[in-house]
Amino acid sequence: MFARLGRWCHDHRRAVIVLWVASVILGGVVLGVVGKQSKSQFELPNVESKKGSDILDANFGGQGAGFGGNIVFRADRSVKDPSVKGPMTKFLAAVDDIPKVTVSSPYAPGGERQTSQRGATAGKLAFADVELPNITNEQASKIRDKINARTPHIEGVDIELGGEVFADFQAPSSEALGLAFAVVILLLAFGSVLAMGLPVGVALAGIAVGSIVAGLLSHLVAAPDFASILGVMIGLGVGIDYALFIVTRFRENMHNGHDVRRSTIIAIDTAGRAVLFAGTTVCISLLGMIIMGMSFVTGLAVSAAAVVAITMVASLTLLPALLGFAGSKVEVTRWRGLLAAGLVALALVGAGLGLPAVAMPLVLLAVITLVVGIFWKPLKRQVPRRERPELRRTFAYRWSRVIQHHPWRAVIGGLVVLLVLASPILALRLGFSDEGNYPKDTPTKKAYDLLAEGFGPGFNGPLILASDAPRGGTDQGALQRVQAAVAKDPGVAFASPAITSPNKKAVLWRIIPTTAPQAEKTTKLVDRLRTDVLPQATKGSGLAVSVTGSVAIGVDFSKYLASRLPWFLGAVLTLSFVLLMVVFRSVLVPLKAVIMNLLSIGAAYGVIVAAFQWGWAGPLLHIGAAPIEPFMPMMLFAIVFGLSMDYEVFLLSRVKEEWDHTGDSRLSVADGLAATARVITAAALIMVFVFGSFLLENQRTIRLFGLGLATAVFLDATIVRMVLVPATMELLGDRNWWVPRWLDRILPHIEVEGRDVTDEEPELTEPELERV
């Protein structure tokens, strides 16, 4: 099937490229018309904060749940001064007229508490709550633009729009920087412009169509706003890797004397199988997150898996078509192409650093270089090719032999490094970082700091206590006891009197903690109110008080994901073990692979805890210490475990191939490592730089993903693949490929490496192509 697919795409290459171009254009037009949906609010199962939110929705119209934002303004005079009060009252009324928006003005009756009474801000700082219903991020962005359009300019008054729902999410540009590094790495590794350009071009095509598909799927399963960025990050890494594996095998076939058509067919029938297996593993790992049972997580999983799947399809269909056009020119590099590629890489660096004035002239200069190179002989000359050393004269082969001569030292040393890096995971604290982590120059951060200064750090994360009224009526004494008991807690700065709903069927209390929303003390306050304070205060009253609000919802979200995480890890690990056991027909190889992947992922977890939770990266990245987002360990595990399987399959399949030919377990490991070292190193470096470039973004979540993924890939390609794999395989010897006879009989046969093919095989029929 793979051979016929490769042959069909090669022979019908014009049609294949037309189909891909049409998919990008038509898909882009459709997505531009229908748009995409993103949503960052959580739909929790039957937890306490959900019960409280339901009470607020049913009896208070959803008001007071903590969703929405605020308009914060600070004046150089009293906010009650007529020159401030007049235009601000008119402005807040105009905002209140916006559909789906409800404003609580500090100038309305009962709004006195919305004016600061603290320190230098006393009487000069006030805020208005902006309540919103359950809406998408796109709808919130439109409301934000309408508010900004109505914002007046008042001399001596600073007006900031606060709240995460109104945060301006900026599309990243750092992927251009990662792409520039990929261009340079591929040029240095393979010395061919076309060998560099084909993987990059196929990856970009796959990302384009994959992002369109993910955008269309968002109407069925809404994803958070950063899901598209995560999809680009993963798609760029795996897309280049998958195409790189196939192009490398194509060039090997050309060196072995095959023509272009046959080389393409063999590459798809060998490396193409490994790409399909690796891509499927990544998709399975990502879609395994659906086990968590939350729409927020499901949206992330579906969006990322769609991009990975489409980039995999691009490698198996678009790439053989492009190889048919490139032909033997893949092995030829002229000075004009090399110089143009270098200029494009510099242009991408400029774009990634936000310097379009530098990037555009460099692109123009690259085009001029190509045009001049057509006529000017010096630029038409071929770049001298480097002679590739014999396999057993390479550094990778010699390195493997050194490790195999000292296997115990290598195993102990590698384990010590990984365990030391993983040790901070023991202090892992899951939770959501608050708006105080936004860049200093953003309105969100400015509004957060103003509220913290004027009303205390806990004001940015109020808690809501909500309860249905008892059937026999509400006892005012019981309501007052709740307020008094909560107000006595040392973690509470303010507890409001009970507020009865308009229909008299429910009550609520507003609570202001003494600490910031992301602080561990705030989480402990939520737990203390639920388990100690409220049960005692409501005993015998008939009240069933639920703690809700955005902070309480975040606490419940973290606990829920933490409770479901073992099920997710168990499912992915079990399925991966079974797949590897089927592919390599071994028990110890897949077991060892699972353990080593867990070690590299654990080390990546430890690094992000030290960098982001403990704040060790603060001076370098200009960030503060904050908990790790609760979906982060799950997402990192799904992505990294899937990616690490790429290298596992690529390396071990070559080792298994050598062992089948020679029966020598020692030489097969060294030869397999030497044969795959160059492409695995190049692929890993590309991923490290692509993921690492996202550390330049402003959004904390994207930075955390970038550091975690870059660290895991780096450790997996160095300590695991270059140290632990050869050392453990040396210690196990022939036992690496042991499998019980009864298990060998029932395991299906899967050829990841494929076989040589002939041109006499039948053409792929239309029904067969449709099934493919």
# chains A, B, ... in the order shown; residues from 1 in each chain; ligands from 1
>>> residues_around(residues="range 4-16 of chain A", least_positions_apart="2", cutoff="7 Å", atoms="only C-alpha atoms", output="compact mmCIF listing (two decimals) with C-alpha atoms, in the first residue's frame")
# COMPACT_ATOMS: atom_id res chain seq x y z
CA MET A 1 0.00 0.00 0.00
CA PHE A 2 2.78 2.46 0.91
CA VAL A 18 -2.84 21.47 -7.17
CA LEU A 19 -5.00 19.70 -4.56
CA TRP A 20 -2.82 20.95 -1.71
CA ARG A 261 10.95 7.38 -9.11
CA THR A 264 10.74 7.97 -3.92
CA ILE A 265 8.74 4.74 -3.78
CA ILE A 268 7.68 6.10 1.27
CA THR A 317 1.50 12.69 -0.17
CA LEU A 318 2.86 16.17 -0.90
CA PRO A 320 6.72 12.43 -2.89
CA ALA A 321 5.15 14.79 -5.42
CA GLY A 324 9.34 13.99 -8.31
CA GLU A 763 -1.10 0.81 -9.63
CA LEU A 764 -3.18 2.23 -6.78
>>> residues_around(residues="range 174-190 of chain A", least_positions_apart="3", cutoff="6 Å", atoms="only C-alpha atoms", output="list in words")
Met196, Ala345, Leu348, Val349, Gly352, Ile686, Phe689, Val690, Ser693 and Phe694 of chain A
>>> write_last_selection(atoms="N, CA, C and O atoms", output="JSON list (two decimals), in the first residue's frame")
[["chain", "number", "residue", "atom", "x", "y", "z"],
["A", 196, "MET", "N", 17.07, 20.93, 2.40],
["A", 196, "MET", "CA", 16.60, 21.78, 3.48],
["A", 196, "MET", "C", 15.20, 22.30, 3.19],
["A", 196, "MET", "O", 14.31, 22.29, 4.05],
["A", 345, "ALA", "N", 17.09, 33.00, 5.96],
["A", 345, "ALA", "CA", 17.22, 32.69, 7.39],
["A", 345, "ALA", "C", 17.40, 33.96, 8.21],
["A", 345, "ALA", "O", 16.78, 34.11, 9.28],
["A", 348, "LEU", "N", 14.10, 35.68, 8.47],
["A", 348, "LEU", "CA", 13.23, 35.04, 9.46],
["A", 348, "LEU", "C", 13.63, 35.44, 10.88],
["A", 348, "LEU", "O", 12.77, 35.62, 11.75],
["A", 349, "VAL", "N", 14.93, 35.57, 11.11],
["A", 349, "VAL", "CA", 15.39, 36.04, 12.42],
["A", 349, "VAL", "C", 14.84, 37.44, 12.69],
["A", 349, "VAL", "O", 14.35, 37.74, 13.79],
["A", 352, "GLY", "N", 11.20, 37.19, 13.46],
["A", 352, "GLY", "CA", 10.98, 36.62, 14.78],
["A", 352, "GLY", "C", 11.27, 37.60, 15.90],
["A", 352, "GLY", "O", 10.67, 37.53, 16.97],
["A", 686, "ILE", "N", 16.37, 20.88, 15.64],
["A", 686, "ILE", "CA", 15.29, 21.70, 15.07],
["A", 686, "ILE", "C", 14.18, 21.87, 16.10],
["A", 686, "ILE", "O", 13.69, 22.98, 16.33],
["A", 689, "PHE", "N", 15.21, 24.21, 19.02],
["A", 689, "PHE", "CA", 15.20, 25.62, 18.67],
["A", 689, "PHE", "C", 13.79, 26.14, 18.37],
["A", 689, "PHE", "O", 13.45, 27.28, 18.71],
["A", 690, "VAL", "N", 12.97, 25.30, 17.71],
["A", 690, "VAL", "CA", 11.59, 25.73, 17.44],
["A", 690, "VAL", "C", 10.83, 25.94, 18.75],
["A", 690, "VAL", "O", 10.20, 26.97, 18.96],
["A", 693, "SER", "N", 12.34, 28.83, 20.90],
["A", 693, "SER", "CA", 12.07, 30.19, 20.43],
["A", 693, "SER", "C", 10.81, 30.77, 21.05],
["A", 693, "SER", "O", 10.66, 32.00, 21.13],
["A", 694, "PHE", "N", 9.91, 29.92, 21.55],
["A", 694, "PHE", "CA", 8.68, 30.42, 22.15],
["A", 694, "PHE", "C", 8.91, 31.00, 23.54],
["A", 694, "PHE", "O", 7.99, 31.57, 24.13]]
>>> residues_around(residues="range 535-544 of chain A", least_positions_apart="5", cutoff="8 Å", atoms="only C-alpha atoms", output="ChimeraX atom specification")
/A:467-470,475,478,481-482,485,530
>>> write_last_selection(atoms="all heavy atoms", output="compact mmCIF listing (two decimals), in the first residue's frame")
# COMPACT_ATOMS: atom_id res chain seq x y z
N SER A 467 -25.76 29.95 48.31
CA SER A 467 -26.59 28.90 48.89
C SER A 467 -28.04 29.11 48.52
O SER A 467 -28.50 30.26 48.41
CB SER A 467 -26.44 28.87 50.42
OG SER A 467 -27.35 27.94 51.00
N ASP A 468 -28.74 28.02 48.29
CA ASP A 468 -30.19 28.10 48.16
C ASP A 468 -30.78 28.42 49.52
O ASP A 468 -30.28 27.96 50.56
CB ASP A 468 -30.76 26.78 47.65
CG ASP A 468 -30.42 26.54 46.18
OD1 ASP A 468 -30.51 27.49 45.39
OD2 ASP A 468 -30.04 25.39 45.84
N ALA A 469 -31.85 29.18 49.52
CA ALA A 469 -32.52 29.51 50.78
C ALA A 469 -33.28 28.28 51.29
O ALA A 469 -33.85 27.53 50.50
CB ALA A 469 -33.48 30.67 50.57
N PRO A 470 -33.26 28.03 52.61
CA PRO A 470 -34.02 26.89 53.15
C PRO A 470 -35.51 27.03 52.84
O PRO A 470 -36.03 28.13 52.67
CB PRO A 470 -33.75 26.98 54.65
CG PRO A 470 -32.51 27.81 54.78
CD PRO A 470 -32.54 28.76 53.64
N ASP A 475 -33.21 32.42 57.85
CA ASP A 475 -32.97 32.92 59.19
C ASP A 475 -31.85 33.94 59.15
O ASP A 475 -30.71 33.62 58.83
CB ASP A 475 -32.60 31.75 60.11
CG ASP A 475 -32.35 32.19 61.54
OD1 ASP A 475 -32.55 33.38 61.85
OD2 ASP A 475 -31.94 31.33 62.36
N ALA A 478 -28.78 33.12 61.08
CA ALA A 478 -27.89 32.14 60.45
C ALA A 478 -27.02 32.80 59.40
O ALA A 478 -25.83 32.48 59.26
CB ALA A 478 -28.72 31.01 59.84
N ARG A 481 -24.29 34.67 61.11
CA ARG A 481 -23.26 33.79 61.67
C ARG A 481 -22.28 33.36 60.58
O ARG A 481 -21.07 33.23 60.85
CB ARG A 481 -23.93 32.56 62.31
CG ARG A 481 -24.58 32.84 63.65
CD ARG A 481 -24.87 31.54 64.39
NE ARG A 481 -25.82 30.69 63.67
CZ ARG A 481 -27.15 30.79 63.77
NH1 ARG A 481 -27.69 31.72 64.58
NH2 ARG A 481 -27.93 29.96 63.11
N VAL A 482 -22.79 33.11 59.37
CA VAL A 482 -21.89 32.76 58.27
C VAL A 482 -20.91 33.90 58.00
O VAL A 482 -19.70 33.69 57.87
CB VAL A 482 -22.70 32.42 57.00
CG1 VAL A 482 -21.76 32.28 55.80
CG2 VAL A 482 -23.50 31.15 57.19
N ALA A 485 -18.37 34.19 60.92
CA ALA A 485 -17.39 33.10 60.96
C ALA A 485 -16.35 33.25 59.86
O ALA A 485 -15.15 33.03 60.09
CB ALA A 485 -18.11 31.77 60.84
N ARG A 530 -14.28 25.36 53.09
CA ARG A 530 -15.15 24.23 52.73
C ARG A 530 -15.17 23.15 53.80
O ARG A 530 -16.21 22.53 54.04
CB ARG A 530 -14.68 23.65 51.39
CG ARG A 530 -14.98 24.54 50.21
CD ARG A 530 -14.34 24.00 48.94
NE ARG A 530 -14.83 24.70 47.76
CZ ARG A 530 -14.35 24.52 46.53
NH1 ARG A 530 -13.37 23.65 46.33
NH2 ARG A 530 -14.86 25.19 45.50
>>> atom_distance(atom1="CA of Glu435 in chain A", atom2="CA of Asp527 in chain A")
22.3 Å
>>> residues_around(residues="Phe577 in chain A", least_positions_apart="2", cutoff="7 Å", atoms="only C-alpha atoms", output="mmCIF file with N, CA and C atoms, in the first residue's frame")
data_model
loop_
_atom_site.group_PDB
_atom_site.id
_atom_site.type_symbol
_atom_site.label_atom_id
_atom_site.label_comp_id
_atom_site.auth_asym_id
_atom_site.auth_seq_id
_atom_site.Cartn_x
_atom_site.Cartn_y
_atom_site.Cartn_z
ATOM 1 N N LEU A 573 0.582 5.032 28.432
ATOM 2 C CA LEU A 573 1.744 4.158 28.626
ATOM 3 C C LEU A 573 1.437 2.727 28.192
ATOM 4 N N THR A 574 0.261 2.234 28.557
ATOM 5 C CA THR A 574 -0.109 0.866 28.194
ATOM 6 C C THR A 574 -0.211 0.706 26.680
ATOM 7 N N LEU A 575 -0.882 1.653 26.030
ATOM 8 C CA LEU A 575 -1.047 1.564 24.582
ATOM 9 C C LEU A 575 0.300 1.672 23.870
ATOM 10 N N LEU A 579 2.038 -1.130 21.421
ATOM 11 C CA LEU A 579 2.420 -0.814 20.046
ATOM 12 C C LEU A 579 3.888 -1.140 19.787
ATOM 13 N N LEU A 580 4.758 -0.737 20.721
ATOM 14 C CA LEU A 580 6.186 -1.017 20.541
ATOM 15 C C LEU A 580 6.464 -2.517 20.613
ATOM 16 N N MET A 581 5.739 -3.220 21.461
ATOM 17 C CA MET A 581 5.935 -4.662 21.558
ATOM 18 C C MET A 581 5.546 -5.344 20.244
ATOM 19 N N PRO A 590 10.348 -2.401 24.589
ATOM 20 C CA PRO A 590 9.296 -1.419 24.868
ATOM 21 C C PRO A 590 9.220 -1.023 26.340
ATOM 22 N N LEU A 591 9.489 -1.986 27.254
ATOM 23 C CA LEU A 591 9.486 -1.647 28.678
ATOM 24 C C LEU A 591 10.571 -0.621 28.979
ATOM 25 N N VAL A 594 9.583 2.857 27.572
ATOM 26 C CA VAL A 594 8.589 3.550 28.402
ATOM 27 C C VAL A 594 9.248 4.156 29.632
#
>>> closest_atom_pairs(of="range 555-673 of chain A", to="range 714-720 of chain A", cutoff="7 Å", atoms="only C-alpha atoms", output="JSON lines")
{"residue": "A:Met596", "atom": "CA", "partner": "A:Val720", "partner_atom": "CA", "distance": 6.6}
{"residue": "A:Ser600", "atom": "CA", "partner": "A:Asp716", "partner_atom": "CA", "distance": 5.9}
{"residue": "A:Ser644", "atom": "CA", "partner": "A:Asp716", "partner_atom": "CA", "distance": 6.7}
>>> select_by_dssp(residues="range 410-557 of chain A", states="strand (DSSP E)", output="JSON, numbers by chain")
{"A": [463, 464, 465, 466, 467, 468, 492, 493, 494, 495, 499, 500, 506, 507, 508, 509, 510, 511, 512, 513, 546, 547, 548]}
>>> write_last_selection(atoms="N, CA and C atoms", output="mmCIF file, in the first residue's frame")
data_model
loop_
_atom_site.group_PDB
_atom_site.id
_atom_site.type_symbol
_atom_site.label_atom_id
_atom_site.label_comp_id
_atom_site.auth_asym_id
_atom_site.auth_seq_id
_atom_site.Cartn_x
_atom_site.Cartn_y
_atom_site.Cartn_z
ATOM 1 N N LEU A 463 -13.856 35.618 46.248
ATOM 2 C CA LEU A 463 -14.604 34.371 46.382
ATOM 3 C C LEU A 463 -16.087 34.701 46.562
ATOM 4 N N ILE A 464 -16.925 33.810 46.109
ATOM 5 C CA ILE A 464 -18.373 33.970 46.258
ATOM 6 C C ILE A 464 -18.903 32.774 47.030
ATOM 7 N N LEU A 465 -19.644 33.046 48.086
ATOM 8 C CA LEU A 465 -20.355 31.989 48.807
ATOM 9 C C LEU A 465 -21.807 32.044 48.369
ATOM 10 N N ALA A 466 -22.349 30.943 47.921
ATOM 11 C CA ALA A 466 -23.719 30.907 47.411
ATOM 12 C C ALA A 466 -24.468 29.733 48.016
ATOM 13 N N SER A 467 -25.762 29.953 48.313
ATOM 14 C CA SER A 467 -26.585 28.899 48.894
ATOM 15 C C SER A 467 -28.038 29.114 48.518
ATOM 16 N N ASP A 468 -28.741 28.018 48.285
ATOM 17 C CA ASP A 468 -30.191 28.097 48.157
ATOM 18 C C ASP A 468 -30.781 28.418 49.519
ATOM 19 N N VAL A 492 -9.058 36.110 55.409
ATOM 20 C CA VAL A 492 -10.136 36.909 54.819
ATOM 21 C C VAL A 492 -9.942 38.374 55.188
ATOM 22 N N ALA A 493 -9.907 39.232 54.169
ATOM 23 C CA ALA A 493 -9.788 40.674 54.394
ATOM 24 C C ALA A 493 -11.158 41.331 54.544
ATOM 25 N N PHE A 494 -12.155 40.802 53.876
ATOM 26 C CA PHE A 494 -13.497 41.392 53.932
ATOM 27 C C PHE A 494 -14.535 40.325 53.613
ATOM 28 N N ALA A 495 -15.634 40.329 54.375
ATOM 29 C CA ALA A 495 -16.776 39.458 54.110
ATOM 30 C C ALA A 495 -18.027 40.315 54.120
ATOM 31 N N ILE A 499 -26.463 38.733 50.698
ATOM 32 C CA ILE A 499 -27.245 39.414 49.663
ATOM 33 C C ILE A 499 -28.295 38.417 49.169
ATOM 34 N N THR A 500 -29.558 38.792 49.303
ATOM 35 C CA THR A 500 -30.646 37.906 48.906
ATOM 36 C C THR A 500 -30.994 38.145 47.436
ATOM 37 N N ALA A 506 -32.329 32.435 47.034
ATOM 38 C CA ALA A 506 -30.903 32.154 47.234
ATOM 39 C C ALA A 506 -30.232 33.352 47.890
ATOM 40 N N VAL A 507 -29.069 33.121 48.461
ATOM 41 C CA VAL A 507 -28.264 34.185 49.075
ATOM 42 C C VAL A 507 -26.815 34.017 48.647
ATOM 43 N N LEU A 508 -26.074 35.120 48.715
ATOM 44 C CA LEU A 508 -24.642 35.051 48.439
ATOM 45 C C LEU A 508 -23.891 36.008 49.341
ATOM 46 N N TRP A 509 -22.617 35.701 49.535
ATOM 47 C CA TRP A 509 -21.691 36.560 50.261
ATOM 48 C C TRP A 509 -20.466 36.781 49.375
ATOM 49 N N ARG A 510 -19.925 37.986 49.379
ATOM 50 C CA ARG A 510 -18.702 38.286 48.638
ATOM 51 C C ARG A 510 -17.536 38.307 49.623
ATOM 52 N N ILE A 511 -16.489 37.566 49.291
ATOM 53 C CA ILE A 511 -15.331 37.425 50.179
ATOM 54 C C ILE A 511 -14.085 37.915 49.464
ATOM 55 N N ILE A 512 -13.308 38.761 50.147
ATOM 56 C CA ILE A 512 -12.027 39.233 49.608
ATOM 57 C C ILE A 512 -10.900 38.615 50.431
ATOM 58 N N PRO A 513 -10.066 37.744 49.842
ATOM 59 C CA PRO A 513 -8.935 37.161 50.586
ATOM 60 C C PRO A 513 -7.859 38.207 50.868
ATOM 61 N N SER A 546 -21.918 26.910 49.086
ATOM 62 C CA SER A 546 -20.877 26.487 48.153
ATOM 63 C C SER A 546 -19.921 27.642 47.911
ATOM 64 N N VAL A 547 -18.624 27.336 47.881
ATOM 65 C CA VAL A 547 -17.606 28.346 47.578
ATOM 66 C C VAL A 547 -17.358 28.317 46.078
ATOM 67 N N THR A 548 -17.560 29.450 45.415
ATOM 68 C CA THR A 548 -17.372 29.520 43.970
ATOM 69 C C THR A 548 -16.651 30.818 43.613
#
>>> residues_around(residues="Leu346 in chain A", least_positions_apart="3", cutoff="9 Å", atoms="only C-alpha atoms", output="list in words")
Ala180, Ala341, Gly342, Leu343, Val349, Gly350, Ala351, Val358, Ala359, Leu362 and Val363 of chain A
>>> atom_distance(atom1="CA of Ser49 in chain A", atom2="CA of Val551 in chain A")
9.4 Å
>>> closest_residue(among="A:Ser550, A:Ser496, A:Ser78, A:Asn736", to="Thr523 in chain A", atoms="only C-alpha atoms")
A:Ser550
>>> residues_around(residues="Ser263 in chain A", least_positions_apart="2", cutoff="12 Å", atoms="only C-alpha atoms", output="number ranges by chain")
A: 3, 6-7, 10, 246-261, 265-271, 320, 323-324, 327-328, 756-759
>>> atom_distance(atom1="CA of Gly52 in chain A", atom2="CA of Ala498 in chain A")
14.7 Å
>>> residues_around(residues="Ile412 in chain A", least_positions_apart="6", cutoff="12 Å", atoms="only C-alpha atoms", output="list in words")
Ile403, His406, Leu418, Leu419, Ile719, Val723, Leu724, Ala727 and Thr728 of chain A
>>> decode(residues="range 447-462 of chain A", atoms="N, CA, C and O atoms", output="CSV table (one decimal), in the first residue's frame")
chain,number,residue,atom,x,y,z
A,447,ALA,N,-4.1,47.3,35.3
A,447,ALA,CA,-5.4,47.3,36.0
A,447,ALA,C,-5.2,46.4,37.3
A,447,ALA,O,-5.7,46.7,38.4
A,448,TYR,N,-4.5,45.2,37.1
A,448,TYR,CA,-4.3,44.3,38.2
A,448,TYR,C,-3.5,45.0,39.3
A,448,TYR,O,-3.8,44.9,40.5
A,449,ASP,N,-2.4,45.7,38.9
A,449,ASP,CA,-1.6,46.4,39.9
A,449,ASP,C,-2.3,47.5,40.6
A,449,ASP,O,-2.1,47.7,41.8
A,450,LEU,N,-3.1,48.2,39.9
A,450,LEU,CA,-3.9,49.3,40.5
A,450,LEU,C,-4.9,48.8,41.5
A,450,LEU,O,-5.0,49.3,42.6
A,451,LEU,N,-5.6,47.7,41.2
A,451,LEU,CA,-6.5,47.1,42.2
A,451,LEU,C,-5.8,46.6,43.4
A,451,LEU,O,-6.3,46.7,44.5
A,452,ALA,N,-4.6,45.9,43.2
A,452,ALA,CA,-3.9,45.4,44.3
A,452,ALA,C,-3.4,46.5,45.2
A,452,ALA,O,-3.4,46.4,46.4
A,453,GLU,N,-3.0,47.6,44.6
A,453,GLU,CA,-2.5,48.8,45.4
A,453,GLU,C,-3.6,49.5,46.2
A,453,GLU,O,-3.5,49.8,47.3
A,454,GLY,N,-4.8,49.6,45.5
A,454,GLY,CA,-5.9,50.3,46.1
A,454,GLY,C,-6.8,49.5,47.0
A,454,GLY,O,-7.4,50.1,47.9
A,455,PHE,N,-6.9,48.2,46.8
A,455,PHE,CA,-7.8,47.4,47.6
A,455,PHE,C,-7.2,46.2,48.2
A,455,PHE,O,-7.9,45.4,48.9
A,456,GLY,N,-6.0,45.9,48.0
A,456,GLY,CA,-5.3,44.7,48.5
A,456,GLY,C,-5.1,43.6,47.5
A,456,GLY,O,-5.9,43.6,46.5
A,457,PRO,N,-4.1,42.8,47.7
A,457,PRO,CA,-3.8,41.7,46.6
A,457,PRO,C,-5.0,40.8,46.4
A,457,PRO,O,-5.1,40.3,45.3
A,458,GLY,N,-5.8,40.5,47.4
A,458,GLY,CA,-6.9,39.5,47.2
A,458,GLY,C,-8.1,40.0,46.4
A,458,GLY,O,-9.0,39.3,46.0
A,459,PHE,N,-8.1,41.4,46.2
A,459,PHE,CA,-9.2,41.9,45.5
A,459,PHE,C,-9.3,41.5,44.0
A,459,PHE,O,-10.4,41.5,43.5
A,460,ASN,N,-8.2,41.0,43.5
A,460,ASN,CA,-8.2,40.5,42.1
A,460,ASN,C,-8.8,39.1,42.0
A,460,ASN,O,-9.0,38.7,40.8
A,461,GLY,N,-9.0,38.5,43.1
A,461,GLY,CA,-9.6,37.1,43.0
A,461,GLY,C,-10.6,36.9,44.1
A,461,GLY,O,-10.4,36.1,45.0
A,462,PRO,N,-11.8,37.6,44.1
A,462,PRO,CA,-12.8,37.4,45.1
A,462,PRO,C,-13.4,36.1,45.1
A,462,PRO,O,-13.5,35.4,44.1
